[in-house]
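Peer 1: See coords_26.txt below, with compact mmCIF, C-alpha atoms.
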```txt
# COMPACT_ATOMS: atom_id res chain seq x y z
CA MET R 158 182.41 141.07 118.53
CA THR R 159 182.62 137.28 118.60
CA LEU R 160 180.36 135.50 121.07
CA SER R 161 180.95 132.00 122.39
CA PHE R 162 178.62 129.99 124.59
CA ASP R 163 179.61 126.83 126.46
CA LEU R 164 176.27 125.04 126.54
CA THR R 165 177.33 122.20 128.85
CA ALA R 166 178.96 124.12 131.70
CA GLU R 167 176.01 124.29 134.09
CA GLY R 168 174.95 120.90 135.42
CA ALA R 169 177.12 119.22 132.80
CA ARG R 170 177.52 115.89 134.58
CA ASP R 171 173.80 115.39 135.20
CA ALA R 172 172.98 116.41 131.64
CA LEU R 173 175.54 114.03 130.19
CA ARG R 174 174.26 111.13 132.31
CA ALA R 175 170.69 111.86 131.23
CA ARG R 176 171.75 112.07 127.60
CA ALA R 177 173.70 108.82 127.87
CA ALA R 178 170.56 107.13 129.17
CA ALA R 179 168.49 108.64 126.37
CA THR R 180 170.87 107.47 123.68
CA GLU R 181 170.30 103.87 124.74
CA LYS R 182 166.94 104.22 123.00
CA PRO R 183 167.02 104.19 119.18
CA SER R 184 166.14 107.44 117.46
CA LEU R 185 163.31 107.72 114.96
CA ILE R 186 165.12 110.58 113.21
CA GLY R 187 166.55 109.43 109.90
CA LEU R 188 164.17 106.53 109.28
CA THR R 189 162.10 106.38 106.11
CA ARG R 190 158.31 106.24 106.48
CA ALA R 191 158.37 102.49 105.85
CA GLU R 192 161.13 102.04 108.45
CA LEU R 193 159.19 104.17 110.93
CA GLY R 194 156.11 101.99 110.55
CA ALA R 195 158.14 98.80 110.81
CA ALA R 196 159.86 100.05 113.99
CA LEU R 197 156.52 100.80 115.65
CA VAL R 198 155.14 97.38 114.77
CA ALA R 199 158.32 95.59 115.87
CA ALA R 200 158.17 97.37 119.24
CA GLY R 201 154.57 96.22 119.68
CA ILE R 202 153.34 99.81 119.96
CA VAL R 203 150.86 99.82 117.09
CA PRO R 204 149.15 97.11 115.04
CA GLU R 205 150.33 96.69 111.46
CA ARG R 206 147.13 98.16 110.02
CA GLN R 207 147.90 101.49 111.77
CA ALA R 208 151.61 101.60 110.95
CA LYS R 209 151.38 103.76 107.84
CA MET R 210 149.09 106.32 109.48
CA ARG R 211 151.18 106.55 112.66
CA ALA R 212 154.38 106.86 110.65
CA GLN R 213 152.89 109.81 108.76
CA GLN R 214 151.87 111.45 112.05
CA LEU R 215 155.40 111.12 113.42
CA TRP R 216 156.89 112.35 110.15
CA HIS R 217 154.79 115.52 110.37
CA TRP R 218 155.74 116.21 113.98
CA MET R 219 159.46 115.58 113.44
CA TYR R 220 160.00 117.33 110.12
CA VAL R 221 157.21 119.90 109.70
CA ARG R 222 156.75 120.99 113.30
CA GLY R 223 160.29 120.22 114.49
CA VAL R 224 159.13 118.56 117.70
CA SER R 225 161.89 116.86 119.70
CA ASP R 226 159.73 115.47 122.52
CA PHE R 227 156.92 112.95 122.12
CA ALA R 228 154.99 114.80 124.85
CA HIS R 229 154.37 117.67 122.41
CA MET R 230 152.76 115.50 119.71
CA PHE R 231 149.29 116.60 120.71
CA ASN R 232 147.14 114.65 118.23
CA ILE R 233 148.59 111.37 119.51
CA SER R 234 147.01 109.81 122.59
CA LYS R 235 148.77 110.22 125.91
CA ASP R 236 149.20 106.47 126.32
CA LEU R 237 150.77 106.09 122.88
CA ARG R 238 153.08 109.02 123.52
CA ALA R 239 154.25 107.32 126.70
CA GLU R 240 154.92 104.09 124.80
CA LEU R 241 156.84 105.95 122.12
CA ASP R 242 158.94 107.64 124.78
CA ARG R 243 159.63 104.30 126.48
CA HIS R 244 160.99 102.72 123.30
CA PHE R 245 162.40 105.56 121.18
CA THR R 246 163.77 109.09 121.16
CA VAL R 247 163.52 112.10 118.86
CA ALA R 248 165.82 114.24 121.01
CA ARG R 249 168.42 116.59 119.60
CA PRO R 250 172.16 116.01 120.03
CA GLU R 251 174.20 117.79 122.65
CA ILE R 252 175.46 121.24 121.66
CA VAL R 253 178.85 121.67 123.35
CA GLU R 254 179.40 125.20 122.11
CA GLU R 255 177.76 127.84 119.96
CA GLN R 256 179.85 130.66 118.49
CA ILE R 257 178.51 133.75 116.74
CA SER R 258 180.87 135.65 114.47
CA SER R 259 180.98 139.42 114.16
CA ASP R 260 179.43 138.96 110.68
CA GLY R 261 176.49 136.89 111.97
CA THR R 262 177.88 133.50 111.00
CA ARG R 263 177.14 130.82 113.60
CA LYS R 264 179.12 127.69 114.36
CA TRP R 265 177.92 124.82 116.52
CA LEU R 266 180.05 122.09 118.04
CA PHE R 267 177.88 118.97 118.32
CA ARG R 268 178.63 115.89 120.41
CA PHE R 269 177.38 112.47 119.30
CA PRO R 270 177.64 108.98 120.88
CA PRO R 271 180.80 106.88 120.26
CA ARG R 272 179.23 104.29 117.91
CA GLY R 273 182.49 102.43 117.56
CA ALA R 274 184.86 105.37 118.08
CA GLY R 275 185.50 104.60 121.77
CA ARG R 276 184.46 107.96 123.15
CA PRO R 277 181.79 110.50 122.17
CA VAL R 278 182.67 112.33 118.96
CA GLU R 279 182.33 115.99 118.01
CA ILE R 280 181.69 117.74 114.70
CA GLU R 281 181.16 121.32 113.56
CA THR R 282 178.26 122.83 111.60
CA VAL R 283 178.12 126.38 110.25
CA TYR R 284 175.22 128.69 109.41
CA ILE R 285 175.88 131.60 107.04
CA PRO R 286 173.16 134.29 106.83
CA GLU R 287 173.04 136.32 103.61
CA GLU R 288 170.56 138.71 102.08
CA GLY R 289 167.66 136.64 100.77
CA ARG R 290 169.04 133.28 101.90
CA GLY R 291 170.59 131.36 104.75
CA THR R 292 172.98 128.49 104.10
CA LEU R 293 173.76 125.64 106.49
CA CYS R 294 177.10 123.87 105.95
CA ILE R 295 176.65 120.27 107.13
CA SER R 296 179.29 117.68 108.02
CA SER R 297 179.15 114.05 106.87
CA GLN R 298 182.10 112.52 108.75
CA VAL R 299 184.05 113.01 111.95
CA GLY R 300 187.40 114.00 110.51
CA CYS R 301 188.42 113.23 106.94
CA THR R 302 190.57 110.78 104.97
CA LEU R 303 191.53 113.10 102.14
CA THR R 304 194.39 115.15 103.64
CA CYS R 305 194.00 118.07 101.21
CA SER R 306 197.10 120.11 101.99
CA PHE R 307 195.35 123.50 102.26
CA CYS R 308 192.42 122.27 104.40
CA HIS R 309 192.39 122.36 108.20
CA THR R 310 189.75 119.60 108.39
CA GLY R 311 192.11 117.31 106.50
CA THR R 312 194.60 117.44 109.39
CA GLN R 313 192.09 115.52 111.53
CA LYS R 314 192.15 111.78 110.82
CA LEU R 315 188.86 110.08 110.07
CA VAL R 316 187.19 108.85 113.25
CA ARG R 317 183.92 107.54 111.81
CA ASN R 318 181.09 108.24 109.41
CA LEU R 319 178.04 110.13 110.67
CA THR R 320 174.71 108.32 110.61
CA THR R 321 171.66 109.57 108.72
CA GLU R 322 170.22 110.68 112.05
CA GLU R 323 173.36 112.68 112.89
CA ILE R 324 173.43 114.39 109.50
CA LEU R 325 169.76 115.39 109.79
CA ALA R 326 170.21 116.40 113.44
CA GLN R 327 172.51 119.23 112.34
CA LEU R 328 169.72 120.67 110.17
CA LEU R 329 166.99 120.13 112.78
CA THR R 330 169.02 121.68 115.59
CA ALA R 331 170.05 124.68 113.50
CA ARG R 332 166.41 125.33 112.67
CA ASP R 333 165.58 125.02 116.39
CA ARG R 334 168.25 127.53 117.38
CA LEU R 335 167.23 129.96 114.64
CA GLY R 336 163.49 129.74 115.34
CA ASP R 337 162.88 128.24 111.92
CA PHE R 338 160.08 125.84 112.85
CA PRO R 339 156.44 126.93 113.32
CA ASP R 340 155.38 127.92 116.81
CA ARG R 341 154.09 125.13 118.98
CA ASP R 342 150.64 126.72 119.09
CA THR R 343 150.32 126.96 115.29
CA PRO R 344 147.03 125.18 114.47
CA ASP R 345 147.43 121.63 113.15
CA GLY R 346 147.02 121.64 109.37
CA ALA R 347 147.93 125.30 108.99
CA ILE R 348 149.99 126.11 105.89
CA VAL R 349 153.65 126.50 106.86
CA PRO R 350 155.33 128.92 104.42
CA ALA R 351 158.25 127.57 102.39
CA GLU R 352 159.61 131.07 101.78
CA GLY R 353 161.23 133.28 104.37
CA ARG R 354 163.04 130.44 106.07
CA LYS R 355 166.26 131.21 107.88
CA VAL R 356 167.74 127.94 106.57
CA SER R 357 166.85 128.06 102.88
CA ASN R 358 169.88 126.20 101.49
CA ILE R 359 172.10 123.39 102.69
CA VAL R 360 175.53 122.41 101.46
CA MET R 361 177.33 119.16 102.21
CA MET R 362 180.64 120.99 102.55
CA GLY R 363 181.45 120.56 106.22
CA MET R 364 183.78 117.99 107.74
CA GLY R 365 184.40 114.87 105.66
CA GLU R 366 183.90 113.61 102.11
CA PRO R 367 180.14 113.04 101.58
CA LEU R 368 180.61 110.44 98.84
CA TYR R 369 182.65 108.24 101.18
CA ASN R 370 179.49 108.08 103.32
CA PHE R 371 177.13 107.78 100.38
CA GLU R 372 174.21 105.78 101.78
CA ALA R 373 173.77 107.83 104.95
CA VAL R 374 174.13 111.11 103.04
CA LYS R 375 171.68 109.96 100.35
CA LYS R 376 169.05 108.99 102.91
CA ALA R 377 169.47 112.26 104.84
CA LEU R 378 169.18 114.44 101.74
CA LEU R 379 166.13 112.58 100.46
CA ILE R 380 164.43 113.18 103.81
CA ALA R 381 165.53 116.84 103.80
CA SER R 382 164.02 117.32 100.33
CA ASP R 383 160.79 115.41 101.01
CA GLY R 384 157.89 117.69 100.08
CA ASP R 385 155.79 116.61 103.08
CA GLY R 386 158.50 117.28 105.63
CA LEU R 387 161.53 119.56 105.69
CA SER R 388 160.70 120.34 102.06
CA LEU R 389 163.98 121.82 100.85
CA SER R 390 164.19 122.06 97.07
CA LYS R 391 166.86 119.81 95.56
CA ARG R 392 168.06 122.87 93.68
CA ARG R 393 168.84 124.43 97.07
CA ILE R 394 170.88 121.42 98.21
CA THR R 395 174.49 121.15 97.04
CA LEU R 396 176.77 118.19 97.62
CA SER R 397 180.49 118.93 97.37
CA THR R 398 182.99 116.20 96.56
CA SER R 399 186.73 116.21 96.15
CA GLY R 400 186.30 113.83 93.25
CA VAL R 401 185.07 110.36 94.22
CA VAL R 402 184.40 109.57 90.58
CA PRO R 403 182.49 106.25 90.91
CA GLU R 404 179.82 107.88 93.09
CA ILE R 405 179.27 111.06 91.05
CA ALA R 406 176.78 109.53 88.58
CA ARG R 407 174.94 107.86 91.50
CA THR R 408 174.63 111.26 93.18
CA GLY R 409 172.72 112.62 90.19
CA GLU R 410 170.65 109.50 89.59
CA GLU R 411 169.75 108.57 93.18
CA ILE R 412 169.79 111.91 95.04
CA GLY R 413 169.33 114.50 92.29
CA VAL R 414 170.88 117.45 94.11
CA MET R 415 173.25 120.11 92.81
CA LEU R 416 176.89 119.05 92.48
CA ALA R 417 180.02 120.94 93.50
CA ILE R 418 183.55 119.80 92.74
CA SER R 419 186.46 120.77 94.99
CA LEU R 420 188.85 121.36 92.08
CA HIS R 421 191.63 123.84 93.02
CA ALA R 422 194.06 122.92 90.23
CA THR R 423 194.06 122.46 86.46
CA ASN R 424 196.79 119.82 86.08
CA ASP R 425 197.40 116.48 87.75
CA ASP R 426 200.82 117.32 89.22
CA LEU R 427 199.48 120.23 91.26
CA ARG R 428 196.16 118.59 92.09
CA ASP R 429 198.00 115.48 93.35
CA LEU R 430 199.60 117.79 95.92
CA LEU R 431 196.57 119.90 96.83
CA VAL R 432 193.88 117.21 96.60
CA PRO R 433 195.60 113.81 96.93
CA ILE R 434 192.51 111.83 95.90
CA ASN R 435 193.49 113.00 92.40
CA LYS R 436 196.15 110.25 92.38
CA LYS R 437 193.29 107.71 92.46
CA PHE R 438 190.83 109.61 90.25
CA PRO R 439 192.83 111.97 87.99
CA LEU R 440 191.43 115.03 86.28
CA LYS R 441 190.59 113.26 83.02
CA GLU R 442 188.27 110.83 84.83
CA LEU R 443 186.82 113.55 87.06
CA ILE R 444 185.98 115.92 84.21
CA ALA R 445 184.47 113.05 82.18
CA ALA R 446 182.20 112.21 85.14
CA CYS R 447 181.16 115.85 85.37
CA ARG R 448 180.28 116.01 81.66
CA ALA R 449 178.08 112.94 82.13
CA TYR R 450 176.37 114.15 85.35
CA PRO R 451 172.64 113.31 85.15
CA GLY R 452 170.44 116.36 84.62
CA LEU R 453 173.35 118.65 83.76
CA SER R 454 172.14 121.79 81.97
CA ASN R 455 172.48 125.56 82.04
CA ALA R 456 169.77 125.56 84.71
CA ARG R 457 171.55 122.85 86.73
CA ARG R 458 175.18 123.84 86.50
CA ILE R 459 178.05 122.20 88.34
CA THR R 460 179.90 124.47 90.74
CA PHE R 461 183.67 124.17 90.66
CA GLU R 462 185.36 125.38 93.84
CA TYR R 463 188.79 126.92 93.43
CA VAL R 464 190.73 128.11 96.46
CA MET R 465 193.07 130.99 95.67
CA LEU R 466 196.59 130.19 96.91
CA LYS R 467 199.29 132.82 96.48
CA ASP R 468 201.91 131.87 93.87
CA VAL R 469 200.50 128.34 93.69
CA ASN R 470 197.42 128.31 91.42
CA ASP R 471 196.52 131.97 90.89
CA SER R 472 198.34 133.03 87.71
CA LEU R 473 196.70 134.16 84.50
CA ASP R 474 198.00 130.95 82.89
CA ASP R 475 196.09 129.00 85.56
CA ALA R 476 192.94 130.93 84.69
CA LYS R 477 193.39 130.12 80.99
CA ALA R 478 193.96 126.44 81.77
CA LEU R 479 190.82 126.42 83.93
CA VAL R 480 188.67 127.75 81.11
CA LYS R 481 190.14 125.19 78.71
CA LEU R 482 189.61 122.32 81.18
CA LEU R 483 185.91 123.11 81.73
CA LYS R 484 185.04 123.99 78.14
CA GLY R 485 181.54 122.82 77.26
CA ILE R 486 180.48 122.04 80.84
CA PRO R 487 177.59 124.18 82.18
CA ALA R 488 179.46 125.52 85.18
CA LYS R 489 179.91 128.18 87.80
CA ILE R 490 183.38 128.74 89.25
CA ASN R 491 183.51 129.79 92.89
CA LEU R 492 186.78 131.53 93.71
CA ILE R 493 187.55 131.08 97.40
CA PRO R 494 190.11 133.35 99.07
CA PHE R 495 192.24 131.01 101.17
CA ASN R 496 191.24 131.02 104.83
CA PRO R 497 194.34 130.69 107.02
CA TRP R 498 194.50 128.30 109.95
CA PRO R 499 197.18 127.60 112.59
CA GLY R 500 200.16 125.78 111.11
CA THR R 501 199.40 126.25 107.42
CA ASN R 502 202.18 127.06 104.95
CA TYR R 503 199.84 128.62 102.38
CA GLN R 504 198.91 132.26 101.93
CA CYS R 505 195.86 133.83 100.35
CA SER R 506 196.32 135.36 96.91
CA ASP R 507 196.46 139.14 96.79
CA TRP R 508 193.05 140.70 96.21
CA GLU R 509 194.15 142.32 92.97
CA THR R 510 195.29 138.91 91.68
CA ILE R 511 191.97 137.32 92.61
CA GLU R 512 190.04 140.06 90.81
CA LYS R 513 192.13 139.70 87.64
CA PHE R 514 191.62 135.93 87.76
CA ALA R 515 187.86 136.41 88.17
CA ASP R 516 187.69 138.96 85.34
CA PHE R 517 189.33 136.52 82.93
CA ILE R 518 186.94 133.71 83.90
CA ASN R 519 183.93 136.02 83.60
CA ASN R 520 185.03 137.28 80.20
CA ALA R 521 185.29 133.67 79.06
CA GLY R 522 181.58 133.26 79.77
CA TYR R 523 181.55 131.65 83.21
CA ALA R 524 179.95 133.08 86.32
CA SER R 525 182.88 133.46 88.68
CA PRO R 526 181.88 135.00 92.01
CA ILE R 527 184.53 135.62 94.64
CA ARG R 528 183.25 134.04 97.83
CA THR R 529 183.22 136.56 100.64
CA PRO R 530 185.08 135.05 103.61
CA ARG R 531 182.64 134.51 106.48
CA GLY R 532 183.20 133.53 110.10
CA ARG R 533 186.99 133.72 109.98
CA ASP R 534 187.14 135.00 113.57
CA ILE R 535 185.54 131.77 114.84
CA LEU R 536 187.36 129.44 112.38
CA ALA R 537 184.06 128.82 110.59
CA ALA R 538 185.20 129.69 107.08
CA CYS R 539 185.70 127.26 104.22
CA GLY R 540 188.43 124.72 105.03
CA GLN R 541 188.70 125.70 108.70
CA LEU R 542 186.36 123.21 110.38
CA LYS R 543 187.91 120.71 112.75
CA SER R 544 187.04 119.03 116.06
CA GLU R 545 189.23 117.43 118.69
CA SER R 546 187.74 113.95 118.22
CA GLU R 547 190.20 111.12 117.74
CA ARG R 548 189.70 107.38 117.48
CA MET R 549 190.81 105.64 120.66
CA ARG R 550 193.12 102.64 120.77
CA LYS R 551 191.13 99.41 121.19
CA VAL R 552 192.46 98.73 124.70
CA ASP R 553 191.51 102.25 125.86
CA ARG R 554 188.10 102.00 124.18
CA LEU R 555 187.26 98.72 125.90
CA ALA R 556 188.35 100.09 129.27
CA LEU R 557 186.18 103.21 128.85
CA GLU R 558 183.17 101.17 127.72
CA ALA R 559 183.54 98.88 130.75
CA MET R 560 183.65 101.92 133.04
CA MET R 561 180.56 103.43 131.41
CA ILE R 562 178.65 100.14 131.74
CA ALA R 563 179.52 100.16 135.43
CA GLY R 564 177.88 103.59 135.67
CA HIS R 565 180.97 105.62 136.42
CA GLY R 566 181.65 107.16 133.00
CA GLU R 567 181.39 110.86 132.47
CA ALA R 568 181.48 110.67 128.66
```
So that I can check it, write out the structure of this file as structure tokens.

Peer 2:
Amino acid sequence: MTLSFDLTAEGARDALRARAAATEKPSLIGLTRAELGAALVAAGIVPERQAKMRAQQLWHWMYVRGVSDFAHMFNISKDLRAELDRHFTVARPEIVEEQISSDGTRKWLFRFPPRGAGRPVEIETVYIPEEGRGTLCISSQVGCTLTCSFCHTGTQKLVRNLTTEEILAQLLTARDRLGDFPDRDTPDGAIVPAEGRKVSNIVMMGMGEPLYNFEAVKKALLIASDGDGLSLSKRRITLSTSGVVPEIARTGEEIGVMLAISLHATNDDLRDLLVPINKKFPLKELIAACRAYPGLSNARRITFEYVMLKDVNDSLDDAKALVKLLKGIPAKINLIPFNPWPGTNYQCSDWETIEKFADFINNAGYASPIRTPRGRDILAACGQLKSESERMRKVDRLALEAMMIAGHGEA
């Protein structure tokens, strides 16, 4: 049975007003240690000689203990906590809705401030529990520019990029909701186990193209993989791109996470239709960038994602062309049964066809798992994420902002 919770129904107006007031304060989430220290000094809260130590304290509370209220940072003096609360926030974003699929998959609808979009924006984040691991699918943009013809997210125009804080907030809030941070009464300095976490892996495969928001994504993933904080292994972080070729080498050099390519076709004519960014960065350039990916090896393979579309890209000839295209690249090929969404013209390949396709790929020497569809009943499966956020016309945006300044806005 699918469960859905509207988390803003009760006292919604008061909560939204309180949140609007809180968002006037800058968040410390998403700042580097150096930026944290500089922010404290600039606010006049701590002297420069204490900045490094105080930044490390805050880092521990935010990313090891998962604290979202300065009042719970117990090894910081009461007066300093009050000053921190006066100038900054570490609060979580608003959860508009939480849905739980019959298979245990969870989907959250988050609401973030406008930040240039005119009205508050919403994005979706999905948690997929599996035996021995739990994967969080994180969004990087509100909407998407890529218009991939088989993807529901691509039908939502880009509203804006997410900030580093908003990308990290999805991970922090998911860990809150899943009970994945140590209890508040865990002694300070106690060893927090890295194993047994509910969120053990993250994938940048939600709404948006991560490499079109490179700097914010880079900063968020470096914080997520910091060994003295959230401490996720870079081998458990995967960034998926539709093929923004100029940023692929930078991803390996500057972030160092696992790479996934949203491929879906083996020739330019078909890929131009399915993944239109191919017109800008055709297969020859994309595959060359993959061959040159920093750190590429059998232990650090590239994952190629291939959605199975009936009578479009699922023939045995397509499988042969796929093997030929990727020859010599340490790779895993994820076969994704197409997840239908309202209004689509595509159909999922027959299961027998998918299995024959997978058998050929496997026999050619590539790992080729068939991804089990998860969360279909709550539109949480691959390619199904979408929110209702749209960018407002400038005249409407200015009118709404004027109303909110006057204290009458509900958004």

Peer 1: Take the point (173.3, 113.4, 106.9) as written in the file and pick out every residue within 12 Å of it, counting only C-alpha atoms; give the list as a PyMOL selection string.

Peer 2: chain R and resi 186-188+282+294-299+318-329+359-368+370-381+396

Peer 1: Suppose you want the space between CA of Ala212 (chain R) and CA of Ile394 (chain R); what is it in Å?

Peer 2: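 Taking CA of Ala212 (chain R) as the start and CA of Ile394 (chain R) as the end point, the length is 25.3 Å.
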
Peer 1: Mind giving me the straight-line distance from CA of Phe461 (chain R) to CA of Cys505 (chain R) in Å, one decimal?

Peer 2: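 Taking CA of Phe461 (chain R) as the start and CA of Cys505 (chain R) as the end point, the length is 18.3 Å.
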
Peer 1: So how many Å separate CA of Ala488 (chain R) and CA of Val283 (chain R), to one decimal?

Peer 2: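 Straight-line distance from CA of Ala488 (chain R) to CA of Val283 (chain R) works out to 25.1 Å.
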
Peer 1: Compile the contact shell of region 526-529 of chain R as a PDB file with C-alpha atoms, in the frame of the given file: residues with an atom at most 6 Å away, counting all atoms listed in the file, same-chain residues fewer than 4 positions apart removed.

Peer 2:
```
ATOM      1  CA  ASN R 491     183.510 129.790  92.890  1.00  0.00           C
ATOM      2  CA  LEU R 492     186.780 131.530  93.710  1.00  0.00           C
ATOM      3  CA  ILE R 493     187.550 131.080  97.400  1.00  0.00           C
TER       4      ILE R 493
END
```

Peer 1: Tell me which protein, DNA and RNA residues are within 9 Å of region 233-244 of chain R, counting all atoms listed in the file, leaving out same-chain ones fewer than 6 positions away, and put them as a PDB file with C-alpha atoms, keeping the file's coordinate frame.

Peer 2:
```
ATOM      1  CA  LYS R 182     166.940 104.220 123.000  1.00  0.00           C
ATOM      2  CA  PRO R 183     167.020 104.190 119.180  1.00  0.00           C
ATOM      3  CA  LEU R 197     156.520 100.800 115.650  1.00  0.00           C
ATOM      4  CA  ALA R 200     158.170  97.370 119.240  1.00  0.00           C
ATOM      5  CA  ILE R 202     153.340  99.810 119.960  1.00  0.00           C
ATOM      6  CA  VAL R 203     150.860  99.820 117.090  1.00  0.00           C
ATOM      7  CA  ARG R 211     151.180 106.550 112.660  1.00  0.00           C
ATOM      8  CA  GLN R 214     151.870 111.450 112.050  1.00  0.00           C
ATOM      9  CA  ASP R 226     159.730 115.470 122.520  1.00  0.00           C
ATOM     10  CA  PHE R 227     156.920 112.950 122.120  1.00  0.00           C
TER      11      PHE R 227
END
```

Peer 1: Ranking R:Lys355, R:Leu416, R:Phe307, R:Pro433 by minimum distance to Asn496 (chain R) and counting only C-alpha atoms, which one comes first?

Peer 2: R:Phe307

Peer 1: Near Arg458 (chain R), within 8 Å and counting only C-alpha atoms, which residues show up once chain neighbours fewer than 5 positions away are dropped, as a list in words?

Peer 2: Met415, Leu416, Leu453, Ile486, Pro487, Ala488 and Lys489 of chain R

Peer 1: Out of R:Val198, R:Pro451, R:Ser399, R:Val253, which residue has the shortest atom-to-atom distance to Lys437 (chain R) when counting all atoms listed in the file?

Peer 2: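 Ranked by minimum distance to Lys437 (chain R), first place goes to R:Ser399.
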
Peer 1: Which polymer residues, protein or nucleic acid, are no farther than 10 Å from (190.8, 123.5, 82.9), counting only C-alpha atoms, as an MDAnalysis selection string?

Peer 2: chainID R and resid 420 422:424 440 444 475:484

Peer 1: Can you tell me which residues surround Asn435 (chain R) at a distance of at most 10 Å, considering all atoms listed in the file, apart from same-chain residues fewer than 5 positions away, and format the answer as a list in words?

Peer 2: Leu303, Ser399, Gly400, Val401, Val402, Leu420, Asn424, Asp425, Asp426, Leu427, Arg428, Asp429, Leu430, Leu440, Lys441, Glu442 and Leu443 of chain R

Peer 1: Do you know which residues are at most 8 Å from Ser184 (chain R) counting only C-alpha atoms, after dropping those on the same chain fewer than 6 positions away, and could you put them as a tab-separated table (two decimals) with C-alpha atoms, keeping the file's coordinate frame?

Peer 2:
```
chain	number	residue	atom	x	y	z
R	245	PHE	CA	162.40	105.56	121.18
R	246	THR	CA	163.77	109.09	121.16
R	247	VAL	CA	163.52	112.10	118.86
R	248	ALA	CA	165.82	114.24	121.01
R	322	GLU	CA	170.22	110.68	112.05
```

Peer 1: Identify which of the residues R:Arg354, R:Ile490, R:Thr292, R:Gln213 lies closest to Thr395 (chain R), counting only C-alpha atoms when measuring atom-to-atom distances.

Peer 2: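 Residue with the minimum atom-to-atom distance to Thr395 (chain R): R:Thr292.
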
Peer 1: So which one's closest to Pro271 (chain R), R:Cys301, R:Ala228, R:Val316, R:Gln256? Using all atoms listed in the file, please.

Peer 2: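 Residue with the minimum atom-to-atom distance to Pro271 (chain R): R:Val316.
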